[in-house]
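All remarks here apply to the structure that follows.
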Amino acid sequence: MPIATPAEAARAHPALRALAVAENALMVLLLAGTVLTILAQVFFRYALDRPLSWSNEAATDLLVYVAFVGFAIGIRDNAHVALNLFETRLGVLPRRVLRIGELVILGVVLVCLGIGGVLYMIEQSDVVSPVGIPLWVAFLPLPLGAVLGSVHLIVEIVALLRGAELPGTLDTVPEELTNDTDRPAPATPGGAA
């Protein structure tokens with residue numbers, strides 16, 4: 001009997017379940033902060049005719065956080081873009097090797113992104129934007145998203161190495177998809193046979 005998919009295995013572990021809840025809560029806060037900032041910007045600009053000087057930059061920074069935390073959540077939930085054109089034609093072992101290879105390549109990209117983000121944060125640690133937001137705050141989502149995404153990648157790679165089901169594939173074909181010739185052909189429109 002195969003082990004559950006990597007996402008199901010991750011939800012079973014209490015620490016990973018807590019991480020998922022924290023990521024989801026952070027995403028809700030970031031999205032709410034973005035919406036409230038934009039609403040405040042519109043209200044102050046058009047209702048009070050006194051535009052806020054900081055709202056545009058704050059909303060942009062919040063959207064960057066949403067993008068990188070969302071990227072990690074996408075890895076966790078296996079909701080990222082995938083090209084399954086020929087993967088379904090491969091056997092289970094080649095599909096597993098291909099999936100692990102894809103995850104390793106994505107992991108290298110995440111490590112490079114995280115290291116680059118940290119180095120740039122260090123370089124810009126004393127720089128402040130014209131509206132007063134420190135630049136290290138604007139670049140914090142790069143290493144944050146890279147670390148969160150790497151955790152989920154490692155969990156998925158370990159689960160696949162332990163024999164977990166491949167996400168998005170069926171190891172058995174459902175009965176309705178088999179080529180069963182004993183069943184009558186469906187009726188055609190207009191009563192034609």
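Just remember, in the structure tokens the first chain shown is A, the second B, etc., residues are 1-based per chain, and ligands are 1-based in the order shown.
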With the cut-off set at 8 Å and counting only C-alpha atoms, tabulate each residue of range 23-80 of chain A with an atom at most that distance from an atom of range 147-166 of chain A, showing the nearest atom pair and its distance in Å to one decimal, ordered by chain and increasing number, as JSON lines.
```
{"residue": "A:Val69", "atom": "CA", "partner": "A:Leu148", "partner_atom": "CA", "distance": 7.6}
{"residue": "A:Phe71", "atom": "CA", "partner": "A:Gly149", "partner_atom": "CA", "distance": 7.1}
{"residue": "A:Ala72", "atom": "CA", "partner": "A:Gly149", "partner_atom": "CA", "distance": 4.2}
{"residue": "A:Ile73", "atom": "CA", "partner": "A:Gly149", "partner_atom": "CA", "distance": 7.4}
{"residue": "A:Ile75", "atom": "CA", "partner": "A:Gly149", "partner_atom": "CA", "distance": 6.2}
{"residue": "A:Arg76", "atom": "CA", "partner": "A:His152", "partner_atom": "CA", "distance": 5.3}
```
Take the residues from that selection and put them in a file with N, CA and C atoms, as an mmCIF file, in the first residue's frame.
```cif
data_model
loop_
_atom_site.group_PDB
_atom_site.id
_atom_site.type_symbol
_atom_site.label_atom_id
_atom_site.label_comp_id
_atom_site.auth_asym_id
_atom_site.auth_seq_id
_atom_site.Cartn_x
_atom_site.Cartn_y
_atom_site.Cartn_z
ATOM 1 N N VAL A 69 5.281 34.434 -0.291
ATOM 2 C CA VAL A 69 4.653 33.494 0.637
ATOM 3 C C VAL A 69 3.692 32.601 -0.139
ATOM 4 N N PHE A 71 4.097 31.682 -3.192
ATOM 5 C CA PHE A 71 4.947 30.741 -3.915
ATOM 6 C C PHE A 71 5.242 29.524 -3.038
ATOM 7 N N ALA A 72 5.561 29.768 -1.768
ATOM 8 C CA ALA A 72 5.830 28.665 -0.841
ATOM 9 C C ALA A 72 4.571 27.826 -0.606
ATOM 10 N N ILE A 73 3.424 28.490 -0.479
ATOM 11 C CA ILE A 73 2.166 27.759 -0.298
ATOM 12 C C ILE A 73 1.862 26.927 -1.540
ATOM 13 N N ILE A 75 4.040 25.548 -3.514
ATOM 14 C CA ILE A 75 4.899 24.356 -3.446
ATOM 15 C C ILE A 75 4.310 23.358 -2.449
ATOM 16 N N ARG A 76 3.878 23.859 -1.304
ATOM 17 C CA ARG A 76 3.306 22.988 -0.273
ATOM 18 C C ARG A 76 2.094 22.226 -0.787
#
```
Inset, instruction - Give me, please, the distance in Å between CA of Gln41 in chain A and CA of Ala58 in chain A, quoted to one decimal. - result: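 A separation of 10.4 Å between them.
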Legend entry - Surrounding residues of Met27 in chain A excluding itself and chain neighbours under 5 positions, 9 Å, only C-alpha atoms, as a PyMOL selection string: chain A and resi 22+32+65-66+69-70
Written selection (N, CA and C atoms) as a compact mmCIF listing (two decimals), in the first residue's frame:
```txt
# COMPACT_ATOMS: atom_id res chain seq x y z
N ALA A 22 0.25 28.67 10.02
CA ALA A 22 0.93 29.97 10.14
C ALA A 22 1.07 30.64 8.77
N ALA A 32 -5.20 41.14 3.63
CA ALA A 32 -6.04 42.13 4.30
C ALA A 32 -5.30 43.47 4.40
N TYR A 65 5.33 40.47 -0.67
CA TYR A 65 5.23 39.46 0.37
C TYR A 65 4.20 38.40 -0.02
N VAL A 66 3.04 38.83 -0.52
CA VAL A 66 1.99 37.90 -0.95
C VAL A 66 2.53 36.95 -2.01
N VAL A 69 5.28 34.43 -0.29
CA VAL A 69 4.65 33.49 0.64
C VAL A 69 3.69 32.60 -0.14
N GLY A 70 3.00 33.16 -1.11
CA GLY A 70 2.12 32.37 -1.97
C GLY A 70 2.88 31.34 -2.78
```
Inset, instruction - For CA of Val108 in chain A and CA of Phe139 in chain A, determine how far apart the two atoms are, in Å to one decimal place. - result: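 CA of Phe139 in chain A lies 19.2 Å from CA of Val108 in chain A.
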Legend entry - For CA of Tyr120 in chain A and CA of Ala138 in chain A, the interatomic separation in Å (one decimal): 10.5 Å
What lies within 12 Å of Leu119 in chain A using only C-alpha atoms, ignoring chain neighbours under 3 positions off, as a PDB file with all heavy atoms, in the first residue's frame?
```pdb
ATOM      1  N   CYS A 112      19.430  29.924  -4.389  1.00  0.00           N
ATOM      2  CA  CYS A 112      20.042  31.105  -5.009  1.00  0.00           C
ATOM      3  C   CYS A 112      19.225  32.363  -4.717  1.00  0.00           C
ATOM      4  O   CYS A 112      19.780  33.422  -4.403  1.00  0.00           O
ATOM      5  CB  CYS A 112      20.181  30.915  -6.510  1.00  0.00           C
ATOM      6  SG  CYS A 112      21.369  29.653  -6.977  1.00  0.00           S
ATOM      7  N   LEU A 113      17.914  32.257  -4.806  1.00  0.00           N
ATOM      8  CA  LEU A 113      17.034  33.380  -4.515  1.00  0.00           C
ATOM      9  C   LEU A 113      17.166  33.816  -3.060  1.00  0.00           C
ATOM     10  O   LEU A 113      17.248  35.010  -2.764  1.00  0.00           O
ATOM     11  CB  LEU A 113      15.587  32.996  -4.827  1.00  0.00           C
ATOM     12  CG  LEU A 113      14.539  34.077  -4.689  1.00  0.00           C
ATOM     13  CD1 LEU A 113      14.739  35.137  -5.752  1.00  0.00           C
ATOM     14  CD2 LEU A 113      13.152  33.468  -4.813  1.00  0.00           C
ATOM     15  N   GLY A 114      17.191  32.852  -2.156  1.00  0.00           N
ATOM     16  CA  GLY A 114      17.330  33.181  -0.731  1.00  0.00           C
ATOM     17  C   GLY A 114      18.664  33.819  -0.409  1.00  0.00           C
ATOM     18  O   GLY A 114      18.728  34.823   0.308  1.00  0.00           O
ATOM     19  N   ILE A 115      19.746  33.264  -0.939  1.00  0.00           N
ATOM     20  CA  ILE A 115      21.078  33.829  -0.673  1.00  0.00           C
ATOM     21  C   ILE A 115      21.182  35.226  -1.272  1.00  0.00           C
ATOM     22  O   ILE A 115      21.680  36.154  -0.626  1.00  0.00           O
ATOM     23  CB  ILE A 115      22.177  32.892  -1.227  1.00  0.00           C
ATOM     24  CG1 ILE A 115      22.230  31.621  -0.384  1.00  0.00           C
ATOM     25  CG2 ILE A 115      23.534  33.585  -1.238  1.00  0.00           C
ATOM     26  CD1 ILE A 115      23.138  30.540  -0.951  1.00  0.00           C
ATOM     27  N   GLY A 116      20.696  35.392  -2.514  1.00  0.00           N
ATOM     28  CA  GLY A 116      20.718  36.715  -3.141  1.00  0.00           C
ATOM     29  C   GLY A 116      19.903  37.725  -2.348  1.00  0.00           C
ATOM     30  O   GLY A 116      20.320  38.880  -2.184  1.00  0.00           O
ATOM     31  N   ILE A 122      21.528  42.714   3.380  1.00  0.00           N
ATOM     32  CA  ILE A 122      22.687  43.166   4.151  1.00  0.00           C
ATOM     33  C   ILE A 122      23.276  44.429   3.529  1.00  0.00           C
ATOM     34  O   ILE A 122      23.617  45.387   4.234  1.00  0.00           O
ATOM     35  CB  ILE A 122      23.737  42.037   4.249  1.00  0.00           C
ATOM     36  CG1 ILE A 122      23.189  40.908   5.124  1.00  0.00           C
ATOM     37  CG2 ILE A 122      25.058  42.558   4.789  1.00  0.00           C
ATOM     38  CD1 ILE A 122      24.008  39.634   5.084  1.00  0.00           C
ATOM     39  N   GLU A 123      23.395  44.448   2.192  1.00  0.00           N
ATOM     40  CA  GLU A 123      23.927  45.625   1.509  1.00  0.00           C
ATOM     41  C   GLU A 123      23.065  46.863   1.748  1.00  0.00           C
ATOM     42  O   GLU A 123      23.574  47.965   1.860  1.00  0.00           O
ATOM     43  CB  GLU A 123      24.010  45.384  -0.002  1.00  0.00           C
ATOM     44  CG  GLU A 123      25.100  44.463  -0.436  1.00  0.00           C
ATOM     45  CD  GLU A 123      25.061  44.210  -1.940  1.00  0.00           C
ATOM     46  OE1 GLU A 123      24.342  44.940  -2.670  1.00  0.00           O
ATOM     47  OE2 GLU A 123      25.738  43.273  -2.386  1.00  0.00           O
ATOM     48  N   GLN A 124      21.757  46.676   1.791  1.00  0.00           N
ATOM     49  CA  GLN A 124      20.829  47.800   1.909  1.00  0.00           C
ATOM     50  C   GLN A 124      20.295  47.976   3.330  1.00  0.00           C
ATOM     51  O   GLN A 124      19.268  48.628   3.513  1.00  0.00           O
ATOM     52  CB  GLN A 124      19.645  47.581   0.952  1.00  0.00           C
ATOM     53  CG  GLN A 124      20.028  47.389  -0.484  1.00  0.00           C
ATOM     54  CD  GLN A 124      20.702  48.608  -1.082  1.00  0.00           C
ATOM     55  OE1 GLN A 124      20.334  49.733  -0.783  1.00  0.00           O
ATOM     56  NE2 GLN A 124      21.713  48.391  -1.903  1.00  0.00           N
ATOM     57  N   SER A 125      20.996  47.440   4.324  1.00  0.00           N
ATOM     58  CA  SER A 125      20.469  47.451   5.693  1.00  0.00           C
ATOM     59  C   SER A 125      20.300  48.858   6.263  1.00  0.00           C
ATOM     60  O   SER A 125      19.441  49.077   7.108  1.00  0.00           O
ATOM     61  CB  SER A 125      21.369  46.623   6.612  1.00  0.00           C
ATOM     62  OG  SER A 125      22.665  47.187   6.654  1.00  0.00           O
ATOM     63  N   TRP A 136      15.525  46.800   3.642  1.00  0.00           N
ATOM     64  CA  TRP A 136      15.645  45.396   4.022  1.00  0.00           C
ATOM     65  C   TRP A 136      14.261  44.791   4.255  1.00  0.00           C
ATOM     66  O   TRP A 136      14.049  43.604   4.024  1.00  0.00           O
ATOM     67  CB  TRP A 136      16.547  45.209   5.240  1.00  0.00           C
ATOM     68  CG  TRP A 136      15.986  45.723   6.526  1.00  0.00           C
ATOM     69  CD1 TRP A 136      16.181  46.954   7.078  1.00  0.00           C
ATOM     70  CD2 TRP A 136      15.120  45.020   7.428  1.00  0.00           C
ATOM     71  NE1 TRP A 136      15.495  47.067   8.257  1.00  0.00           N
ATOM     72  CE2 TRP A 136      14.840  45.892   8.505  1.00  0.00           C
ATOM     73  CE3 TRP A 136      14.566  43.746   7.427  1.00  0.00           C
ATOM     74  CZ2 TRP A 136      14.034  45.518   9.560  1.00  0.00           C
ATOM     75  CZ3 TRP A 136      13.752  43.371   8.488  1.00  0.00           C
ATOM     76  CH2 TRP A 136      13.495  44.264   9.551  1.00  0.00           C
ATOM     77  N   PHE A 139      12.916  43.655   0.929  1.00  0.00           N
ATOM     78  CA  PHE A 139      13.570  42.485   0.345  1.00  0.00           C
ATOM     79  C   PHE A 139      13.501  41.251   1.245  1.00  0.00           C
ATOM     80  O   PHE A 139      13.970  40.189   0.861  1.00  0.00           O
ATOM     81  CB  PHE A 139      15.027  42.804  -0.006  1.00  0.00           C
ATOM     82  CG  PHE A 139      15.128  43.688  -1.212  1.00  0.00           C
ATOM     83  CD1 PHE A 139      15.266  45.052  -1.082  1.00  0.00           C
ATOM     84  CD2 PHE A 139      15.041  43.147  -2.477  1.00  0.00           C
ATOM     85  CE1 PHE A 139      15.337  45.867  -2.193  1.00  0.00           C
ATOM     86  CE2 PHE A 139      15.108  43.948  -3.599  1.00  0.00           C
ATOM     87  CZ  PHE A 139      15.257  45.318  -3.452  1.00  0.00           C
ATOM     88  N   LEU A 140      12.899  41.358   2.419  1.00  0.00           N
ATOM     89  CA  LEU A 140      12.745  40.226   3.324  1.00  0.00           C
ATOM     90  C   LEU A 140      11.924  39.074   2.730  1.00  0.00           C
ATOM     91  O   LEU A 140      12.206  37.912   3.010  1.00  0.00           O
ATOM     92  CB  LEU A 140      12.135  40.678   4.651  1.00  0.00           C
ATOM     93  CG  LEU A 140      11.888  39.610   5.701  1.00  0.00           C
ATOM     94  CD1 LEU A 140      13.220  38.980   6.121  1.00  0.00           C
ATOM     95  CD2 LEU A 140      11.162  40.197   6.891  1.00  0.00           C
ATOM     96  N   LEU A 142      12.064  37.672  -0.100  1.00  0.00           N
ATOM     97  CA  LEU A 142      12.875  36.755  -0.916  1.00  0.00           C
ATOM     98  C   LEU A 142      13.422  35.615  -0.071  1.00  0.00           C
ATOM     99  O   LEU A 142      13.148  34.443  -0.367  1.00  0.00           O
ATOM    100  CB  LEU A 142      13.992  37.509  -1.624  1.00  0.00           C
ATOM    101  CG  LEU A 142      13.619  38.180  -2.928  1.00  0.00           C
ATOM    102  CD1 LEU A 142      12.825  39.445  -2.703  1.00  0.00           C
ATOM    103  CD2 LEU A 142      14.863  38.475  -3.712  1.00  0.00           C
ATOM    104  N   PRO A 143      14.201  35.896   0.996  1.00  0.00           N
ATOM    105  CA  PRO A 143      14.674  34.762   1.800  1.00  0.00           C
ATOM    106  C   PRO A 143      13.549  34.063   2.558  1.00  0.00           C
ATOM    107  O   PRO A 143      13.594  32.848   2.745  1.00  0.00           O
ATOM    108  CB  PRO A 143      15.698  35.380   2.751  1.00  0.00           C
ATOM    109  CG  PRO A 143      15.448  36.839   2.744  1.00  0.00           C
ATOM    110  CD  PRO A 143      14.802  37.163   1.433  1.00  0.00           C
TER     111      PRO A 143
END
```
Inset, instruction - Rank A:Gly101, A:Gly132, A:Gly74, A:Pro51 by their smallest atom-to-atom distance to Ala20 in chain A, using only C-alpha atoms, and report the top residue only. - result: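 The answer is A:Gly74, which sits nearest to Ala20 in chain A.
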Legend entry - Among the residues A:Leu62, A:Pro94, A:Glu102, A:Thr88, the one that comes closest to Val28 in chain A [using only C-alpha atoms]: A:Leu62
